[in-house]
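With mmCIF, C-alpha atoms inside, this is query.cif:
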```
data_target
#
loop_
_atom_site.label_atom_id
_atom_site.label_comp_id
_atom_site.auth_asym_id
_atom_site.auth_seq_id
_atom_site.Cartn_x
_atom_site.Cartn_y
_atom_site.Cartn_z
CA MET A 241 16.67 -36.07 50.80
CA THR A 242 17.68 -32.77 49.27
CA ARG A 243 16.46 -31.68 45.87
CA PRO A 244 19.20 -31.09 43.29
CA ASP A 245 19.80 -27.46 42.44
CA PRO A 246 17.73 -26.42 39.43
CA ALA A 247 19.60 -25.77 36.20
CA PRO A 248 20.56 -22.13 35.81
CA LEU A 249 18.31 -20.17 33.46
CA THR A 250 19.75 -18.17 30.61
CA TYR A 251 18.16 -15.77 28.13
CA ALA A 252 18.56 -18.46 25.45
CA ALA A 253 16.83 -21.01 27.69
CA ALA A 254 13.98 -18.53 28.08
CA GLY A 255 13.57 -18.54 24.31
CA VAL A 256 15.51 -15.47 23.15
CA ASP A 257 18.50 -16.07 20.90
CA THR A 258 20.54 -12.87 20.67
CA ALA A 259 23.12 -14.57 18.47
CA ALA A 260 20.41 -15.32 15.91
CA GLY A 261 19.43 -11.66 15.97
CA ASP A 262 23.01 -10.64 15.28
CA ARG A 263 23.18 -13.13 12.42
CA ALA A 264 19.99 -11.66 10.91
CA VAL A 265 21.55 -8.19 11.00
CA GLU A 266 24.64 -9.43 9.18
CA LEU A 267 22.48 -10.98 6.46
CA MET A 268 20.48 -7.80 5.86
CA LYS A 269 23.23 -5.16 6.13
CA GLN A 270 24.07 -4.93 2.47
CA ALA A 271 20.44 -4.54 1.37
CA VAL A 272 19.79 -1.81 3.93
CA ALA A 273 22.97 0.07 3.05
CA ALA A 274 21.90 0.12 -0.62
CA THR A 275 19.04 2.48 0.32
CA HIS A 276 21.43 5.04 1.84
CA GLY A 277 22.52 8.14 0.01
CA PRO A 278 25.08 10.66 1.24
CA GLU A 279 22.43 12.26 3.46
CA VAL A 280 22.30 9.16 5.71
CA MET A 281 24.77 9.37 8.56
CA GLY A 282 26.13 6.49 10.58
CA GLY A 283 25.56 2.83 9.89
CA ILE A 284 23.49 -0.13 10.98
CA GLY A 285 23.49 -0.85 14.69
CA ALA A 286 23.21 2.68 16.04
CA PHE A 287 20.53 3.48 18.61
CA ALA A 288 18.94 5.98 16.22
CA GLY A 289 19.04 6.52 12.49
CA LEU A 290 20.44 9.85 11.40
CA MET A 291 19.87 11.88 8.25
CA ASP A 292 21.24 15.21 7.16
CA ILE A 293 18.09 17.17 6.24
CA SER A 294 19.78 20.49 5.65
CA ALA A 295 18.35 20.41 2.11
CA ILE A 296 14.95 21.40 3.48
CA LYS A 297 16.38 24.74 4.61
CA ASP A 298 15.65 25.88 1.06
CA TYR A 299 11.95 25.20 1.51
CA ARG A 300 9.83 28.28 2.07
CA ARG A 301 7.67 26.52 4.67
CA PRO A 302 8.44 22.80 4.95
CA LEU A 303 5.78 20.53 6.41
CA LEU A 304 6.67 17.08 7.77
CA ALA A 305 4.36 14.23 6.81
CA SER A 306 4.36 10.93 8.70
CA SER A 307 2.64 7.59 8.29
CA THR A 308 2.67 4.17 9.92
CA ASP A 309 1.10 0.88 8.84
CA GLY A 310 1.43 -2.89 8.56
CA VAL A 311 0.39 -5.51 6.01
CA GLY A 312 -2.31 -7.35 7.93
CA THR A 313 -3.10 -11.00 7.43
CA LYS A 314 -1.28 -11.24 4.09
CA ILE A 315 1.51 -12.45 6.36
CA ALA A 316 -0.45 -15.69 6.84
CA ILE A 317 -0.03 -16.42 3.11
CA ALA A 318 3.71 -15.71 3.28
CA ARG A 319 4.06 -18.01 6.27
CA ALA A 320 2.05 -20.81 4.66
CA LEU A 321 4.25 -20.71 1.56
CA ASP A 322 7.46 -19.96 3.47
CA VAL A 323 8.09 -17.03 1.11
CA HIS A 324 9.11 -13.88 2.96
CA ASP A 325 11.03 -11.70 0.49
CA THR A 326 7.99 -9.82 -0.88
CA ILE A 327 6.12 -8.88 2.29
CA GLY A 328 8.60 -6.07 2.94
CA GLN A 329 7.70 -4.30 -0.31
CA ASP A 330 4.07 -4.53 0.77
CA LEU A 331 4.96 -2.79 4.01
CA VAL A 332 6.79 0.06 2.30
CA ALA A 333 3.95 0.58 -0.17
CA MET A 334 1.36 0.86 2.57
CA VAL A 335 3.42 3.51 4.35
CA VAL A 336 5.09 5.70 1.70
CA ASP A 337 2.08 5.82 -0.62
CA ASP A 338 0.09 7.38 2.20
CA ILE A 339 2.78 10.06 2.51
CA VAL A 340 2.85 10.93 -1.19
CA VAL A 341 -0.94 11.43 -1.09
CA VAL A 342 -0.37 14.87 0.44
CA GLY A 343 2.35 15.61 -2.12
CA ALA A 344 5.22 14.83 0.26
CA LYS A 345 8.50 13.17 -0.68
CA PRO A 346 9.35 10.30 1.73
CA LEU A 347 12.74 10.82 3.35
CA ALA A 348 13.30 7.99 5.80
CA MET A 349 11.64 4.79 6.98
CA THR A 350 12.02 2.49 9.96
CA ASP A 351 10.60 -1.00 10.48
CA TYR A 352 9.59 -3.22 13.40
CA ILE A 353 9.42 -7.01 13.23
CA ALA A 354 7.97 -9.02 16.11
CA CYS A 355 8.39 -12.78 16.01
CA GLY A 356 8.11 -15.86 18.17
CA LYS A 357 11.58 -17.01 17.21
CA VAL A 358 14.31 -15.27 15.25
CA VAL A 359 15.14 -17.27 12.15
CA PRO A 360 17.98 -15.18 10.68
CA GLU A 361 17.33 -16.08 7.06
CA ARG A 362 13.62 -15.31 7.35
CA ILE A 363 14.19 -11.95 9.06
CA ALA A 364 16.81 -11.06 6.47
CA ASP A 365 14.39 -11.91 3.64
CA ILE A 366 11.75 -9.63 5.15
CA VAL A 367 14.18 -6.75 5.54
CA ARG A 368 15.60 -7.24 2.04
CA GLY A 369 12.04 -6.80 0.78
CA ILE A 370 11.69 -3.62 2.83
CA ALA A 371 14.97 -2.34 1.43
CA GLU A 372 13.84 -3.08 -2.13
CA GLY A 373 10.60 -1.21 -1.49
CA CYS A 374 12.53 1.76 -0.13
CA ARG A 375 14.74 1.71 -3.21
CA LEU A 376 11.70 1.79 -5.48
CA ALA A 377 10.24 4.68 -3.49
CA GLY A 378 13.51 6.62 -3.27
CA CYS A 379 13.40 6.47 0.52
CA ALA A 380 16.21 5.57 2.94
CA LEU A 381 15.76 2.71 5.40
CA VAL A 382 17.49 4.23 8.41
CA GLY A 383 16.60 1.90 11.25
CA GLY A 384 14.59 -1.00 12.53
CA GLU A 385 13.97 -3.42 15.35
CA THR A 386 13.50 -7.18 15.57
CA ALA A 387 11.85 -8.35 18.77
CA GLU A 388 11.68 -11.99 19.82
CA HIS A 389 8.54 -12.80 21.85
CA PRO A 390 8.65 -16.45 23.02
CA GLY A 391 5.53 -17.51 24.88
CA LEU A 392 3.58 -14.61 23.42
CA MET A 393 3.93 -15.67 19.77
CA ALA A 394 4.41 -19.15 18.32
CA PRO A 395 7.89 -19.81 16.87
CA GLU A 396 6.68 -19.44 13.27
CA ASP A 397 4.63 -16.30 13.97
CA TYR A 398 5.72 -12.81 13.01
CA ASP A 399 4.24 -9.41 12.28
CA VAL A 400 5.70 -6.33 10.62
CA ALA A 401 5.05 -2.63 10.93
CA GLY A 402 6.76 0.44 9.56
CA ALA A 403 6.80 4.21 9.82
CA ALA A 404 8.14 6.91 7.54
CA VAL A 405 8.51 10.66 7.44
CA GLY A 406 8.48 12.95 4.42
CA VAL A 407 8.45 16.64 3.55
CA VAL A 408 6.26 18.87 1.40
CA GLU A 409 6.21 22.60 0.70
CA ALA A 410 3.21 24.10 2.50
CA ASP A 411 1.82 25.84 -0.56
CA GLU A 412 2.13 22.63 -2.60
CA LEU A 413 0.15 20.50 -0.14
CA LEU A 414 -2.43 18.34 -1.93
CA GLY A 415 -5.91 17.80 -0.57
CA PRO A 416 -9.65 18.46 -0.75
CA GLU A 417 -9.27 22.25 -0.73
CA ARG A 418 -7.71 22.08 -4.22
CA VAL A 419 -10.43 19.94 -5.81
CA ARG A 420 -12.72 21.72 -8.28
CA THR A 421 -15.76 20.88 -10.40
CA GLY A 422 -14.62 19.57 -13.75
CA ASP A 423 -11.59 17.80 -12.33
CA VAL A 424 -10.83 14.50 -14.03
CA ILE A 425 -10.56 11.31 -11.98
CA ILE A 426 -7.53 9.25 -13.05
CA GLY A 427 -7.12 5.72 -11.73
CA MET A 428 -3.77 3.96 -11.64
CA ASP A 429 -3.76 0.17 -11.97
CA ALA A 430 -3.06 -2.01 -8.98
CA SER A 431 -0.58 -4.88 -9.25
CA GLY A 432 -3.11 -7.22 -7.66
CA LEU A 433 -4.83 -7.47 -4.30
CA HIS A 434 -2.12 -5.31 -2.68
CA SER A 435 -2.19 -5.65 1.13
CA ASN A 436 -5.71 -5.31 2.43
CA GLY A 437 -8.79 -7.52 2.53
CA TYR A 438 -6.88 -10.73 3.15
CA SER A 439 -9.19 -11.76 5.98
CA LEU A 440 -11.98 -11.94 3.40
CA VAL A 441 -9.70 -13.64 0.86
CA ARG A 442 -8.58 -16.27 3.36
CA ALA A 443 -12.19 -16.91 4.42
CA VAL A 444 -13.12 -17.44 0.76
CA MET A 445 -10.21 -19.87 0.35
CA ASP A 446 -11.31 -21.87 3.37
CA ALA A 447 -14.96 -21.95 2.31
CA ALA A 448 -14.08 -23.05 -1.22
CA GLY A 449 -11.44 -25.57 -0.12
CA LEU A 450 -8.71 -23.90 -2.17
CA ASP A 451 -5.02 -24.77 -1.96
CA LEU A 452 -2.30 -22.15 -2.29
CA GLU A 453 -0.23 -24.51 -4.41
CA GLN A 454 -2.94 -25.19 -6.98
CA HIS A 455 -2.60 -23.72 -10.45
CA VAL A 456 -5.53 -21.50 -11.42
CA PRO A 457 -5.91 -21.26 -15.21
CA GLU A 458 -7.72 -17.92 -15.02
CA LEU A 459 -4.76 -16.46 -13.15
CA GLY A 460 -2.03 -18.13 -15.20
CA ARG A 461 -0.17 -19.16 -12.05
CA THR A 462 -0.72 -20.71 -8.63
CA LEU A 463 -3.12 -19.11 -6.20
CA GLY A 464 -0.27 -18.52 -3.75
CA GLU A 465 1.81 -16.69 -6.34
CA GLU A 466 -1.16 -14.44 -7.13
CA LEU A 467 -1.89 -13.68 -3.49
CA LEU A 468 1.75 -12.81 -2.75
CA GLU A 469 2.11 -10.40 -5.69
CA PRO A 470 3.83 -7.36 -4.09
CA THR A 471 1.89 -4.14 -3.66
CA ARG A 472 2.67 -1.57 -6.34
CA ILE A 473 4.57 1.47 -5.06
CA TYR A 474 3.33 4.67 -6.72
CA THR A 475 5.54 7.20 -4.93
CA ALA A 476 8.29 7.70 -7.53
CA ASP A 477 5.82 7.95 -10.41
CA LEU A 478 3.64 10.47 -8.61
CA LEU A 479 6.58 12.60 -7.52
CA ALA A 480 7.69 12.66 -11.15
CA VAL A 481 4.27 14.02 -12.18
CA LEU A 482 4.31 16.59 -9.38
CA GLU A 483 7.78 17.81 -10.35
CA ASP A 484 7.65 17.66 -14.16
CA GLU A 485 7.22 21.03 -15.86
CA ARG A 486 4.56 19.57 -18.18
CA THR A 487 2.34 18.53 -15.28
CA ARG A 488 3.30 20.81 -12.41
CA GLY A 489 0.16 21.80 -10.50
CA ALA A 490 -2.00 19.34 -12.43
CA ILE A 491 -2.77 17.04 -9.49
CA HIS A 492 -5.16 18.55 -6.95
CA ALA A 493 -5.62 15.53 -4.68
CA LEU A 494 -4.59 11.89 -4.40
CA SER A 495 -6.26 8.90 -2.77
CA HIS A 496 -4.49 5.66 -1.85
CA VAL A 497 -7.00 2.83 -2.32
CA THR A 498 -6.50 0.54 0.67
CA GLY A 499 -8.90 -0.85 3.30
CA GLY A 500 -12.48 0.19 2.54
CA GLY A 501 -12.07 0.15 -1.21
CA LEU A 502 -12.15 2.79 -3.91
CA ALA A 503 -15.26 4.79 -3.05
CA ALA A 504 -14.59 5.15 0.68
CA ASN A 505 -10.97 6.19 0.19
CA LEU A 506 -11.81 8.64 -2.59
CA ALA A 507 -14.49 10.19 -0.36
CA ARG A 508 -11.74 11.07 2.15
CA VAL A 509 -10.29 13.66 -0.26
CA MET A 510 -13.57 15.06 -1.59
CA PRO A 511 -14.55 18.49 -0.25
CA GLN A 512 -18.05 19.18 1.02
CA GLY A 513 -20.42 20.16 -1.75
CA LEU A 514 -18.56 18.26 -4.50
CA ALA A 515 -18.94 14.69 -5.72
CA ALA A 516 -16.84 12.25 -7.72
CA ARG A 517 -18.76 10.18 -10.25
CA VAL A 518 -16.88 6.95 -11.05
CA ASP A 519 -17.89 4.71 -13.94
CA ARG A 520 -16.96 1.05 -13.46
CA ALA A 521 -17.21 0.52 -17.22
CA ARG A 522 -13.92 2.45 -17.59
CA TRP A 523 -11.79 -0.46 -16.34
CA GLU A 524 -11.72 -4.24 -16.08
CA PRO A 525 -10.37 -5.58 -12.77
CA ALA A 526 -7.72 -8.29 -12.92
CA PRO A 527 -9.12 -11.85 -13.00
CA VAL A 528 -8.32 -12.50 -9.33
CA PHE A 529 -11.13 -10.21 -8.20
CA ALA A 530 -13.79 -12.01 -10.24
CA GLN A 531 -12.43 -15.34 -9.02
CA ILE A 532 -12.73 -14.32 -5.38
CA GLN A 533 -16.28 -13.17 -6.02
CA ARG A 534 -17.21 -16.48 -7.66
CA TRP A 535 -15.44 -18.73 -5.17
CA GLY A 536 -17.06 -17.04 -2.18
CA GLN A 537 -20.27 -15.80 -3.80
CA VAL A 538 -19.26 -12.44 -2.36
CA PRO A 539 -21.76 -9.64 -3.07
CA GLN A 540 -20.17 -7.04 -5.33
CA ARG A 541 -20.90 -4.18 -2.94
CA ASP A 542 -19.06 -6.05 -0.19
CA LEU A 543 -16.21 -6.96 -2.52
CA GLU A 544 -15.58 -3.38 -3.63
CA GLY A 545 -15.95 -2.13 -0.05
CA THR A 546 -13.06 -4.42 0.93
CA LEU A 547 -10.65 -4.78 -2.02
CA ASN A 548 -9.14 -2.28 -4.45
CA LEU A 549 -10.85 -3.90 -7.50
CA GLY A 550 -7.85 -3.16 -9.70
CA ILE A 551 -7.26 0.54 -8.95
CA GLY A 552 -4.58 1.24 -6.34
CA MET A 553 -4.20 5.02 -6.54
CA ILE A 554 -6.46 7.84 -7.73
CA ALA A 555 -5.55 11.36 -8.83
CA LEU A 556 -7.97 14.26 -9.12
CA VAL A 557 -6.53 16.34 -11.94
CA GLY A 558 -7.34 19.62 -13.63
CA ALA A 559 -9.15 18.82 -16.88
CA GLU A 560 -6.78 20.86 -19.05
CA GLN A 561 -3.76 18.81 -17.90
CA ALA A 562 -5.33 15.35 -17.66
CA ASP A 563 -3.93 14.18 -21.00
CA ALA A 564 -0.43 15.29 -20.04
CA VAL A 565 -0.66 13.40 -16.72
CA LEU A 566 -1.85 10.24 -18.47
CA GLN A 567 0.94 10.53 -21.04
CA LEU A 568 3.64 10.91 -18.38
CA LEU A 569 2.31 7.98 -16.35
CA THR A 570 2.27 5.88 -19.53
CA GLU A 571 5.85 6.90 -20.30
CA ARG A 572 6.81 5.65 -16.84
CA GLY A 573 5.11 2.30 -17.43
CA LEU A 574 2.19 2.85 -15.05
CA PRO A 575 -1.13 1.88 -16.71
CA SER A 576 -3.71 4.57 -15.94
CA ARG A 577 -7.11 5.64 -17.19
CA VAL A 578 -9.88 8.21 -16.74
CA LEU A 579 -12.55 6.87 -14.36
CA GLY A 580 -14.92 9.80 -14.19
CA GLU A 581 -15.23 13.45 -13.23
CA VAL A 582 -15.94 15.81 -10.33
CA LEU A 583 -19.21 17.71 -10.22
CA ALA A 584 -21.33 19.64 -7.75
CA GLN A 585 -23.05 17.27 -5.36
CA GLU A 586 -26.50 18.58 -6.27
CA GLN A 587 -25.78 17.57 -9.88
CA LEU A 588 -25.55 13.89 -9.00
CA PRO A 589 -28.37 11.91 -10.61
CA GLU A 590 -30.54 9.65 -8.50
CA ALA A 591 -29.09 6.21 -7.87
CA HIS A 592 -30.85 3.36 -9.66
CA GLY A 593 -30.33 -0.34 -9.05
CA PRO A 594 -28.28 -2.15 -6.41
CA LEU A 595 -24.90 -1.28 -7.92
CA GLU A 596 -25.46 2.46 -8.31
CA HIS A 597 -24.82 4.00 -4.92
CA VAL A 598 -23.31 7.03 -3.19
CA VAL A 599 -20.67 7.00 -0.44
CA THR A 600 -20.26 10.04 1.81
CA GLY A 601 -17.73 10.36 4.60
CA ALA A 602 -15.16 7.75 5.61
CA LYS A 603 -12.77 7.23 8.53
CA GLY A 604 -14.03 10.30 10.37
CA VAL A 605 -13.79 12.65 7.38
CA GLU A 606 -16.91 14.73 6.73
CA GLY A 607 -16.40 15.60 3.09
CA GLY A 608 -18.04 15.24 -0.27
CA ALA A 609 -19.52 12.24 -2.04
CA VAL A 610 -18.53 9.46 -4.42
CA MET A 611 -21.06 7.87 -6.74
CA MET A 612 -20.33 4.48 -8.28
CA THR A 613 -22.13 3.79 -11.56
CA GLY A 614 -22.04 1.29 -14.42
CA GLN A 615 -20.45 -2.15 -14.42
CA HIS A 616 -17.02 -3.57 -15.20
CA PRO A 617 -16.61 -5.15 -18.66
CA GLY A 618 -17.34 -8.86 -18.48
CA TRP A 619 -19.02 -8.67 -15.07
CA ASP A 620 -22.69 -9.54 -14.66
#
```

Taking this structure as input, can you express it in the form of structure tokens?
Amino acid sequence: MTRPDPAPLTYAAAGVDTAAGDRAVELMKQAVAATHGPEVMGGIGAFAGLMDISAIKDYRRPLLASSTDGVGTKIAIARALDVHDTIGQDLVAMVVDDIVVVGAKPLAMTDYIACGKVVPERIADIVRGIAEGCRLAGCALVGGETAEHPGLMAPEDYDVAGAAVGVVEADELLGPERVRTGDVIIGMDASGLHSNGYSLVRAVMDAAGLDLEQHVPELGRTLGEELLEPTRIYTADLLAVLEDERTRGAIHALSHVTGGGLAANLARVMPQGLAARVDRARWEPAPVFAQIQRWGQVPQRDLEGTLNLGIGMIALVGAEQADAVLQLLTERGLPSRVLGEVLAQEQLPEAHGPLEHVVTGAKGVEGGAVMMTGQHPGWD
């Protein structure tokens, strides 16, 4: 007896639906095109994104800045709620706000989405969010890739990553070498948890038996809505401060508060010999941070070494221009406040108590120090 011939295998039978990929592109085209100015050449579907960058020929010494990142396990919350139109803004924020830290203007961004199965509407929602983030940052979305990985990822699984490039004039580069004693530390409010620390947040949820759909009175909305609040994008506001005649030269360094928390990220832009003294009493974190602490009985030191605690970006500013910077940020609708000052490291007082501590060095940077003092209003 002969065995019947096996059915022929196709790419679709193997789990890859190219037609679904094409449908996703059609659904996202308009949103992507909305980020394009006259400097973007070509359209969607080309092998490479093209931009006319002849404008940088007027720079005296242009430096290119690049950054790449993802959004981590916040994606698990988006998947659980089947809400995918905000995760793209998170991605843009994590990438472009690292570029503006050196004073660079983001020019172009690309994205990469890996998934177990292409669901056109879901992919289009993600990319629409990326396009909206690029619009807020003033950055063109010039390319991307969606890769279907059946057998490697479950059908509902996906992950996103992005990369961007920007430009800054060499003699306007921000960083530790510009920081001076007497500089004022200005903190800009976060919109929420942003896009780091979600492994801790999800562990707290599991331990406390919390449901994403439950309404939390302290938050004024459901837990899921709070956890999916898009990451604030600071790029446009900071570029406005850097370019405005009233505040030109005011900012000496910037720090994007992401994984590791405020102190560790601020330490990355502190020069050796100097220290930033930050007073927690200067701001009250949004209620979600206190709730996470209570639900998980998370030690405060661990909490602030993981989450942003309500401050998403920090500027080290010359004291004589600090008021002008705060005024301009306020005019632009970005709540900001003075958190402390920069002093010589030998001037730091001794730390007292479990909450008063000094952080030195982070992510391979051998720089200055950051001292955390005081306590947030309303916190024990």

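Residues selected in this file by the PyMOL selection byres ((chain A and resi 468) around 9) comprise Lys314, Ile317, Ala318, Val323, Thr326, Ile327, Gly432, Leu433, His434, Leu463, Gly464, Glu465, Glu466, Leu467, Glu469, Pro470 and Thr471 of chain A.
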
| field | Spatial neighbours of Ala264 of chain A, 10 Å, all atoms listed in the file, chain gap at least 4 places, as a ChimeraX atom specification | value | /A:258-260,268-269,358-365,367,386

Can you turn the PyMOL selection byres ((chain A and resi 342-355) around 6) into a concrete residue list for this file, as a PDB file with C-alpha atoms, in the frame of the given file?
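The resulting file, result-v7.pdb, is shown below:
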```
ATOM      1  CA  ILE A 339       2.780  10.060   2.510  1.00  0.00           C
ATOM      2  CA  VAL A 340       2.850  10.930  -1.190  1.00  0.00           C
ATOM      3  CA  VAL A 341      -0.940  11.430  -1.090  1.00  0.00           C
ATOM      4  CA  GLY A 356       8.110 -15.860  18.170  1.00  0.00           C
ATOM      5  CA  LYS A 357      11.580 -17.010  17.210  1.00  0.00           C
ATOM      6  CA  CYS A 379      13.400   6.470   0.520  1.00  0.00           C
ATOM      7  CA  ALA A 380      16.210   5.570   2.940  1.00  0.00           C
ATOM      8  CA  LEU A 381      15.760   2.710   5.400  1.00  0.00           C
ATOM      9  CA  VAL A 382      17.490   4.230   8.410  1.00  0.00           C
ATOM     10  CA  GLY A 383      16.600   1.900  11.250  1.00  0.00           C
ATOM     11  CA  GLY A 384      14.590  -1.000  12.530  1.00  0.00           C
ATOM     12  CA  GLU A 385      13.970  -3.420  15.350  1.00  0.00           C
ATOM     13  CA  THR A 386      13.500  -7.180  15.570  1.00  0.00           C
ATOM     14  CA  ALA A 387      11.850  -8.350  18.770  1.00  0.00           C
ATOM     15  CA  GLU A 388      11.680 -11.990  19.820  1.00  0.00           C
ATOM     16  CA  HIS A 389       8.540 -12.800  21.850  1.00  0.00           C
ATOM     17  CA  ASP A 397       4.630 -16.300  13.970  1.00  0.00           C
ATOM     18  CA  TYR A 398       5.720 -12.810  13.010  1.00  0.00           C
ATOM     19  CA  ASP A 399       4.240  -9.410  12.280  1.00  0.00           C
ATOM     20  CA  VAL A 400       5.700  -6.330  10.620  1.00  0.00           C
ATOM     21  CA  ALA A 401       5.050  -2.630  10.930  1.00  0.00           C
ATOM     22  CA  GLY A 402       6.760   0.440   9.560  1.00  0.00           C
ATOM     23  CA  ALA A 403       6.800   4.210   9.820  1.00  0.00           C
ATOM     24  CA  ALA A 404       8.140   6.910   7.540  1.00  0.00           C
ATOM     25  CA  VAL A 405       8.510  10.660   7.440  1.00  0.00           C
ATOM     26  CA  GLY A 406       8.480  12.950   4.420  1.00  0.00           C
ATOM     27  CA  VAL A 407       8.450  16.640   3.550  1.00  0.00           C
ATOM     28  CA  VAL A 408       6.260  18.870   1.400  1.00  0.00           C
ATOM     29  CA  LEU A 413       0.150  20.500  -0.140  1.00  0.00           C
ATOM     30  CA  LEU A 414      -2.430  18.340  -1.930  1.00  0.00           C
TER      31      LEU A 414
END
```

| Out of A:Glu412, A:Asp337, A:Glu453, A:Glu544, which residue has the shortest atom-to-atom distance to Leu440 of chain A when counting all atoms listed in the file? |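 Checking each of A:Glu412, A:Asp337, A:Glu453, A:Glu544 against Leu440 of chain A, counting all atoms listed in the file, the winner is A:Glu544.
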
For the provided coordinates, the residues matched by the PyMOL selection byres ((chain A and resi 329) around 6) should be stated as a PDB file with C-alpha atoms, in the frame of the given file.
```pdb
ATOM      1  CA  THR A 326       7.990  -9.820  -0.880  1.00  0.00           C
ATOM      2  CA  ILE A 327       6.120  -8.880   2.290  1.00  0.00           C
ATOM      3  CA  GLY A 328       8.600  -6.070   2.940  1.00  0.00           C
ATOM      4  CA  ASP A 330       4.070  -4.530   0.770  1.00  0.00           C
ATOM      5  CA  LEU A 331       4.960  -2.790   4.010  1.00  0.00           C
ATOM      6  CA  VAL A 332       6.790   0.060   2.300  1.00  0.00           C
ATOM      7  CA  GLY A 369      12.040  -6.800   0.780  1.00  0.00           C
ATOM      8  CA  ILE A 370      11.690  -3.620   2.830  1.00  0.00           C
ATOM      9  CA  GLY A 373      10.600  -1.210  -1.490  1.00  0.00           C
TER      10      GLY A 373
END
```

| query | Out of A:Ile532, A:Ala504, A:Leu494, A:Ala584, which residue has the shortest atom-to-atom distance to Ala448 of chain A when counting all atoms listed in the file? | reply | A:Ile532

| query | What does the distance between atom CA of Glu372 of chain A and atom CA of Gln270 of chain A come to in Å, to one decimal place? | reply |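 Those two atoms sit 11.4 Å apart.
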
| In Å, how far is it from atom CA of Leu450 of chain A to atom CA of Thr462 of chain A? |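 These two atoms are separated by 10.8 Å.
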
| said: I'd like the interatomic distance between atom CA of Leu574 of chain A and atom CA of Asp477 of chain A, to a tenth of an Å. | reply: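 A separation of 7.8 Å between them.
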
| If you count only C-alpha atoms, which residues fall within 9 Å of Asp429 of chain A, apart from same-chain ones fewer than 3 positions away, as number ranges by chain? | A: 432, 472, 525, 550-553, 574-577

| field | Which residue of A:Gly614, A:Gly378, A:Gly536, A:Gly593 approaches Trp523 of chain A most closely, using only C-alpha atoms | value |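 Ranked by minimum distance to Trp523 of chain A, first place goes to A:Gly614.
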
| field | Residue neighbourhood Leu549 of chain A, 9 Å, all atoms listed in the file, exclusion window fewer than 6 positions, as number ranges by chain | value | A: 430, 432-433, 501-502, 524-526, 529, 543

| said: Env of segment 610-613 of chain A: 9 Å cut, atoms = only C-alpha atoms, seq-sep filter 2 positions within chain, self excluded. Answer as an MDAnalysis selection string. | reply: chainID A and resid 503:504 506:507 510 514:521 588 591:592 595:600 608 615

| Which of these residues is nearest to Gly604 of chain A, using all atoms listed in the file: A:Arg375, A:Arg461, A:Arg508, A:His492? |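 Nearest to Gly604 of chain A: A:Arg508.
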
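Of the residues under consideration (A:Glu409, A:Asp542, A:Asp620, A:Glu458), A:Glu409 shows the shortest atom-to-atom contact distance to Arg301 of chain A when counting all atoms listed in the file.
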
| Which is closest to Asn505 of chain A among A:Leu304, A:Ile425, A:Ala295, A:Val605, if we use all atoms listed in the file? | A:Val605
